[in-house]
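File shown: work.txt. Contents: compact mmCIF, C-alpha atoms.
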```
# COMPACT_ATOMS: atom_id res chain seq x y z
CA MET A 1 9.09 -17.81 -7.71
CA ALA A 2 11.78 -15.26 -8.33
CA GLY A 3 10.66 -14.21 -11.79
CA GLY A 4 6.98 -13.86 -11.03
CA ARG A 5 4.47 -15.74 -13.16
CA PRO A 6 5.77 -18.39 -15.57
CA ARG A 7 5.55 -17.65 -19.29
CA GLN A 8 2.49 -18.81 -21.23
CA SER A 9 2.95 -22.11 -23.07
CA THR A 10 1.05 -23.30 -26.14
CA ASP A 11 -1.78 -24.93 -24.15
CA PRO A 12 -3.42 -22.29 -21.94
CA ASN A 13 -5.85 -24.77 -20.32
CA VAL A 14 -3.06 -26.88 -18.82
CA LEU A 15 -1.19 -23.83 -17.59
CA ALA A 16 -4.37 -22.33 -16.13
CA SER A 17 -5.05 -25.47 -14.08
CA VAL A 18 -1.44 -25.65 -12.89
CA GLU A 19 -1.54 -21.94 -11.99
CA LYS A 20 -4.76 -22.39 -10.03
CA ALA A 21 -3.29 -25.35 -8.15
CA LEU A 22 -0.08 -23.51 -7.29
CA SER A 23 -1.35 -20.00 -6.60
CA SER A 24 -3.75 -20.50 -3.73
CA VAL A 25 -3.13 -17.93 -1.03
CA THR A 26 -4.26 -19.20 2.35
CA ARG A 27 -7.11 -17.39 4.05
CA PRO A 28 -5.89 -15.28 6.96
CA ASN A 29 -6.80 -16.29 10.50
CA PRO A 30 -8.80 -13.72 12.53
CA VAL A 31 -5.68 -12.19 14.09
CA VAL A 32 -4.03 -11.67 10.70
CA ALA A 33 -7.27 -10.32 9.21
CA GLY A 34 -7.59 -7.94 12.16
CA TRP A 35 -4.02 -6.73 11.63
CA ARG A 36 -4.58 -6.18 7.91
CA TRP A 37 -7.76 -4.17 8.51
CA ARG A 38 -6.70 -2.49 11.77
CA TYR A 39 -7.02 1.10 10.55
CA GLU A 40 -10.44 0.56 9.02
CA LEU A 41 -11.70 -1.28 12.11
CA ALA A 42 -10.34 1.40 14.46
CA LEU A 43 -11.89 4.18 12.38
CA MET A 44 -15.25 2.42 12.26
CA LEU A 45 -15.27 1.80 16.02
CA ALA A 46 -14.16 5.36 16.80
CA LEU A 47 -16.80 6.88 14.53
CA ALA A 48 -19.49 4.69 16.06
CA ALA A 49 -18.43 5.61 19.61
CA VAL A 50 -18.19 9.34 18.86
CA THR A 51 -21.54 9.32 17.05
CA PHE A 52 -23.21 7.51 19.93
CA ALA A 53 -21.67 9.88 22.50
CA ILE A 54 -22.69 13.02 20.60
CA VAL A 55 -26.25 11.81 20.02
CA GLN A 56 -26.61 10.85 23.69
CA ALA A 57 -25.16 14.11 24.98
CA LEU A 58 -26.39 16.71 22.47
CA GLY A 59 -28.89 15.10 20.10
CA ALA A 60 -29.06 14.24 16.42
CA VAL A 61 -29.28 17.87 15.26
CA TRP A 62 -25.96 18.73 16.85
CA LEU A 63 -24.43 15.61 15.32
CA ALA A 64 -25.46 16.90 11.88
CA VAL A 65 -24.00 20.34 12.67
CA ILE A 66 -20.69 18.87 13.87
CA VAL A 67 -20.40 16.57 10.81
CA ALA A 68 -21.17 19.46 8.42
CA THR A 69 -18.62 21.72 10.15
CA ALA A 70 -15.93 19.01 10.03
CA ALA A 71 -16.63 18.30 6.35
CA ALA A 72 -16.52 22.02 5.47
CA THR A 73 -13.27 22.45 7.39
CA LEU A 74 -11.62 19.58 5.53
CA ALA A 75 -12.95 20.82 2.18
CA LEU A 76 -11.76 24.40 2.69
CA TRP A 77 -8.47 23.84 4.54
CA PRO A 78 -5.83 22.58 2.05
CA GLY A 79 -3.42 21.40 4.78
CA GLY A 80 -6.09 19.21 6.37
CA ARG A 81 -7.15 17.85 3.01
CA ARG A 82 -3.55 16.96 2.10
CA LEU A 83 -3.04 15.29 5.47
CA LEU A 84 -6.21 13.24 5.01
CA ILE A 85 -5.23 12.19 1.49
CA ARG A 86 -1.70 11.18 2.57
CA ARG A 87 -3.12 9.16 5.45
CA ALA A 88 -5.64 7.50 3.13
CA TRP A 89 -2.82 6.43 0.79
CA CYS A 90 -0.97 4.94 3.79
CA VAL A 91 -4.05 2.77 4.41
CA ILE A 92 -4.73 1.89 0.75
CA THR A 93 -1.15 1.06 -0.29
CA PRO A 94 -0.65 -2.08 1.89
CA HIS A 95 -3.89 -3.54 0.55
CA ARG A 96 -2.81 -2.86 -3.05
CA LEU A 97 0.70 -4.24 -2.41
CA ARG A 98 -0.78 -7.38 -0.81
CA THR A 99 -3.05 -7.87 -3.82
CA GLY A 100 -0.09 -7.43 -6.16
CA CYS A 101 1.91 -10.02 -4.20
CA ALA A 102 -0.96 -12.51 -4.38
CA HIS A 103 -1.37 -12.08 -8.13
CA SER A 104 2.38 -12.17 -8.79
CA TRP A 105 2.90 -15.40 -6.86
CA ILE A 106 5.00 -13.73 -4.17
CA GLN A 107 4.08 -16.17 -1.45
CA SER A 108 5.59 -19.00 0.54
CA ARG A 109 4.91 -22.64 -0.33
CA TYR A 110 2.21 -22.58 2.34
CA GLY A 111 0.49 -19.63 0.66
CA LYS A 112 1.61 -16.97 3.15
CA LEU A 113 2.09 -13.42 1.86
CA PRO A 114 4.68 -10.91 3.11
CA ILE A 115 3.58 -9.06 6.23
CA MET A 116 3.13 -5.29 5.84
CA LEU A 117 4.48 -3.99 9.15
CA LEU A 118 4.43 -0.24 8.73
CA THR A 119 3.47 2.31 6.09
CA THR A 120 4.62 5.91 6.32
CA ALA A 121 3.95 8.93 4.14
CA GLN A 122 6.99 10.29 2.33
CA PRO A 123 7.47 13.25 -0.05
CA PHE A 124 7.50 10.86 -3.02
CA GLY A 125 4.56 8.65 -1.91
CA GLU A 126 4.65 5.92 0.73
CA ARG A 127 7.29 3.71 2.34
CA VAL A 128 6.21 0.20 3.32
CA LEU A 129 8.24 -2.04 5.64
CA LEU A 130 7.71 -5.71 4.77
CA TRP A 131 8.51 -8.81 6.80
CA CYS A 132 9.21 -11.53 4.26
CA VAL A 133 8.12 -14.91 5.60
CA ALA A 134 10.28 -17.97 4.88
CA GLY A 135 10.42 -18.60 1.15
CA ILE A 136 10.13 -14.96 0.09
CA SER A 137 13.03 -12.58 -0.54
CA ALA A 138 13.67 -9.10 -1.91
CA GLY A 139 14.61 -10.75 -5.21
CA ASP A 140 11.07 -12.12 -5.54
CA LEU A 141 9.69 -8.61 -5.13
CA ARG A 142 12.19 -7.19 -7.63
CA GLY A 143 11.22 -9.90 -10.14
CA ALA A 144 7.59 -8.78 -10.02
CA LYS A 145 8.31 -5.04 -9.82
CA ASP A 146 6.21 -4.12 -12.87
CA ALA A 147 3.15 -6.02 -11.65
CA LEU A 148 3.50 -4.57 -8.14
CA THR A 149 3.87 -1.04 -9.54
CA ALA A 150 0.65 -1.45 -11.49
CA ALA A 151 -1.15 -3.00 -8.51
CA CYS A 152 -0.16 -0.04 -6.29
CA TRP A 153 -1.33 2.52 -8.89
CA ALA A 154 2.17 4.00 -8.68
CA THR A 155 4.71 5.53 -11.01
CA ASP A 156 7.57 3.35 -9.79
CA LEU A 157 8.71 1.13 -6.93
CA ARG A 158 12.07 1.09 -5.20
CA ILE A 159 12.77 -2.19 -3.41
CA THR A 160 15.60 -2.25 -0.85
CA ALA A 161 16.64 -5.19 1.30
CA SER A 162 17.85 -4.52 4.83
CA GLU A 163 21.60 -4.83 5.25
CA ARG A 164 21.28 -6.41 8.71
CA HIS A 165 18.16 -8.56 8.34
CA ALA A 166 17.43 -10.41 5.10
CA HIS A 167 13.74 -10.83 5.96
CA LEU A 168 13.08 -7.06 6.18
CA VAL A 169 12.45 -5.25 2.91
CA ILE A 170 11.61 -1.59 2.31
CA VAL A 171 9.32 -0.85 -0.63
CA ASP A 172 9.13 2.79 -1.66
CA VAL A 173 5.93 3.41 -3.60
CA ILE A 174 6.70 6.40 -5.78
CA ARG A 175 3.59 8.35 -6.80
CA HIS A 176 5.19 11.68 -7.71
CA CYS A 177 8.59 13.32 -7.66
CA PRO A 178 9.19 15.57 -4.66
CA PRO A 179 9.51 19.26 -5.47
CA GLU A 180 13.01 20.44 -6.18
CA PRO A 181 14.60 22.42 -3.33
CA PRO A 182 15.13 26.07 -4.22
CA GLY A 183 18.64 26.77 -5.30
CA PRO A 184 20.67 28.38 -8.04
CA GLU A 185 19.13 28.11 -11.46
CA PRO A 186 20.96 25.56 -13.61
CA GLU A 187 22.91 26.79 -16.60
CA ARG A 188 21.06 26.66 -19.87
CA LEU A 189 22.37 24.21 -22.42
CA THR A 190 22.95 25.58 -25.87
CA TRP A 191 23.37 23.54 -28.98
CA PRO A 192 26.29 24.31 -31.25
CA GLY A 193 25.19 25.48 -34.55
```
Would you mind writing the structure in this file as structure tokens?
Amino acid sequence: MAGGRPRQSTDPNVLASVEKALSSVTRPNPVVAGWRWRYELALMLALAAVTFAIVQALGAVWLAVIVATAAATLALWPGGRRLLIRRAWCVITPHRLRTGCAHSWIQSRYGKLPIMLLTTAQPFGERVLLWCVAGISAGDLRGAKDALTAACWATDLRITASERHAHLVIVDVIRHCPPEPPGPEPERLTWPG
């Protein structure tokens, strides 16, 4: 639906049952679920493998020393901390955007949500490349912009459709304004009076 959720009528019970009947998002198959949780699964498997290798090679005491050193390095090194936070937002944002789409009825008639292909960190926040399945367009996303902004815990969203491919949409999740580049100081405005 292009405008998001329909407006509330006088009888909320009837609308609630119609909404429940129409808003069912299909459960993802294992391949889709694996794609949606790929970063979390890869991190979990990598941590398990590294932990096992360190314990086997050096012992549990050295594992504790290595973990403490890594945690202290991330806590004390601002560049590493910023990199970790930006990467974490690139993992969190597709989940939040998917939840916003589900709750804003941005889905096909078969209950399929847009596919989040790629998320990259930008100076303003994150940029998400969406593949809109049949029945979903950039206009649907624009119609639910306020709900999607709130779902992403963002300041604003910028939604841009691809000029070449109608099914590709870029969603810029704006969390903060990038710093102004240094330049000449603007002239001060004075009020007549």
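Each of A:Val169, A:Val128, A:Ile136, A:Ala71 was checked against Arg96 (chain A) using all atoms listed in the file; the smallest atom-to-atom distance is that of A:Val128.
For the residues A:His165, A:Arg36, A:Arg82, A:Arg109, ranking by smallest atom-to-atom distance to Leu97 (chain A) using only C-alpha atoms places A:Arg36 first.
Nearest to Pro28 (chain A) of all the residues A:Ile115, A:Ala147, A:Leu130, A:Cys101 is A:Ile115, counting only C-alpha atoms.
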Put the listed atoms of region 169-176 of chain A in a box along x, y and z with 3 Å added on every side and give me the centre and edge lengths in Å to one decimal, as AutoDock Vina command-line options.
```
--center_x 8.0 --center_y 3.2 --center_z -2.4 --size_x 14.9 --size_y 22.9 --size_z 16.6
```
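What separates CA of Trp37 (chain A) from CA of Ile92 (chain A) is a distance of 10.3 Å.
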Can you give me N, CA and C atoms for region 114-130 of chain A, written as a PDB file, in the coordinates of the input?
```pdb
ATOM      1  N   PRO A 114       3.850 -11.749   2.237  1.00  0.00           N
ATOM      2  CA  PRO A 114       4.680 -10.910   3.110  1.00  0.00           C
ATOM      3  C   PRO A 114       3.799 -10.103   4.055  1.00  0.00           C
ATOM      4  N   ILE A 115       4.325  -9.805   5.227  1.00  0.00           N
ATOM      5  CA  ILE A 115       3.580  -9.060   6.230  1.00  0.00           C
ATOM      6  C   ILE A 115       3.943  -7.585   6.105  1.00  0.00           C
ATOM      7  N   MET A 116       2.921  -6.740   5.930  1.00  0.00           N
ATOM      8  CA  MET A 116       3.130  -5.290   5.840  1.00  0.00           C
ATOM      9  C   MET A 116       3.163  -4.751   7.277  1.00  0.00           C
ATOM     10  N   LEU A 117       4.342  -4.427   7.768  1.00  0.00           N
ATOM     11  CA  LEU A 117       4.480  -3.990   9.150  1.00  0.00           C
ATOM     12  C   LEU A 117       4.105  -2.536   9.371  1.00  0.00           C
ATOM     13  N   LEU A 118       4.587  -1.667   8.504  1.00  0.00           N
ATOM     14  CA  LEU A 118       4.430  -0.240   8.730  1.00  0.00           C
ATOM     15  C   LEU A 118       4.396   0.482   7.396  1.00  0.00           C
ATOM     16  N   THR A 119       3.526   1.461   7.279  1.00  0.00           N
ATOM     17  CA  THR A 119       3.470   2.310   6.090  1.00  0.00           C
ATOM     18  C   THR A 119       3.538   3.751   6.542  1.00  0.00           C
ATOM     19  N   THR A 120       4.475   4.505   5.973  1.00  0.00           N
ATOM     20  CA  THR A 120       4.620   5.910   6.320  1.00  0.00           C
ATOM     21  C   THR A 120       4.542   6.772   5.072  1.00  0.00           C
ATOM     22  N   ALA A 121       4.022   7.981   5.246  1.00  0.00           N
ATOM     23  CA  ALA A 121       3.950   8.930   4.140  1.00  0.00           C
ATOM     24  C   ALA A 121       5.330   9.566   3.942  1.00  0.00           C
ATOM     25  N   GLN A 122       5.719   9.695   2.698  1.00  0.00           N
ATOM     26  CA  GLN A 122       6.990  10.290   2.330  1.00  0.00           C
ATOM     27  C   GLN A 122       6.729  11.363   1.267  1.00  0.00           C
ATOM     28  N   PRO A 123       7.689  12.236   0.983  1.00  0.00           N
ATOM     29  CA  PRO A 123       7.470  13.250  -0.050  1.00  0.00           C
ATOM     30  C   PRO A 123       7.177  12.660  -1.434  1.00  0.00           C
ATOM     31  N   PHE A 124       7.692  11.474  -1.713  1.00  0.00           N
ATOM     32  CA  PHE A 124       7.500  10.860  -3.020  1.00  0.00           C
ATOM     33  C   PHE A 124       6.271   9.953  -3.085  1.00  0.00           C
ATOM     34  N   GLY A 125       5.697   9.575  -1.948  1.00  0.00           N
ATOM     35  CA  GLY A 125       4.560   8.650  -1.910  1.00  0.00           C
ATOM     36  C   GLY A 125       4.479   7.993  -0.552  1.00  0.00           C
ATOM     37  N   GLU A 126       4.689   6.668  -0.523  1.00  0.00           N
ATOM     38  CA  GLU A 126       4.650   5.920   0.730  1.00  0.00           C
ATOM     39  C   GLU A 126       5.855   4.992   0.826  1.00  0.00           C
ATOM     40  N   ARG A 127       6.241   4.694   2.054  1.00  0.00           N
ATOM     41  CA  ARG A 127       7.290   3.710   2.340  1.00  0.00           C
ATOM     42  C   ARG A 127       6.661   2.601   3.155  1.00  0.00           C
ATOM     43  N   VAL A 128       6.808   1.359   2.667  1.00  0.00           N
ATOM     44  CA  VAL A 128       6.210   0.200   3.320  1.00  0.00           C
ATOM     45  C   VAL A 128       7.344  -0.707   3.807  1.00  0.00           C
ATOM     46  N   LEU A 129       7.286  -1.092   5.073  1.00  0.00           N
ATOM     47  CA  LEU A 129       8.240  -2.040   5.640  1.00  0.00           C
ATOM     48  C   LEU A 129       7.600  -3.411   5.617  1.00  0.00           C
ATOM     49  N   LEU A 130       8.231  -4.349   4.913  1.00  0.00           N
ATOM     50  CA  LEU A 130       7.710  -5.710   4.770  1.00  0.00           C
ATOM     51  C   LEU A 130       8.539  -6.686   5.587  1.00  0.00           C
TER      52      LEU A 130
END
```
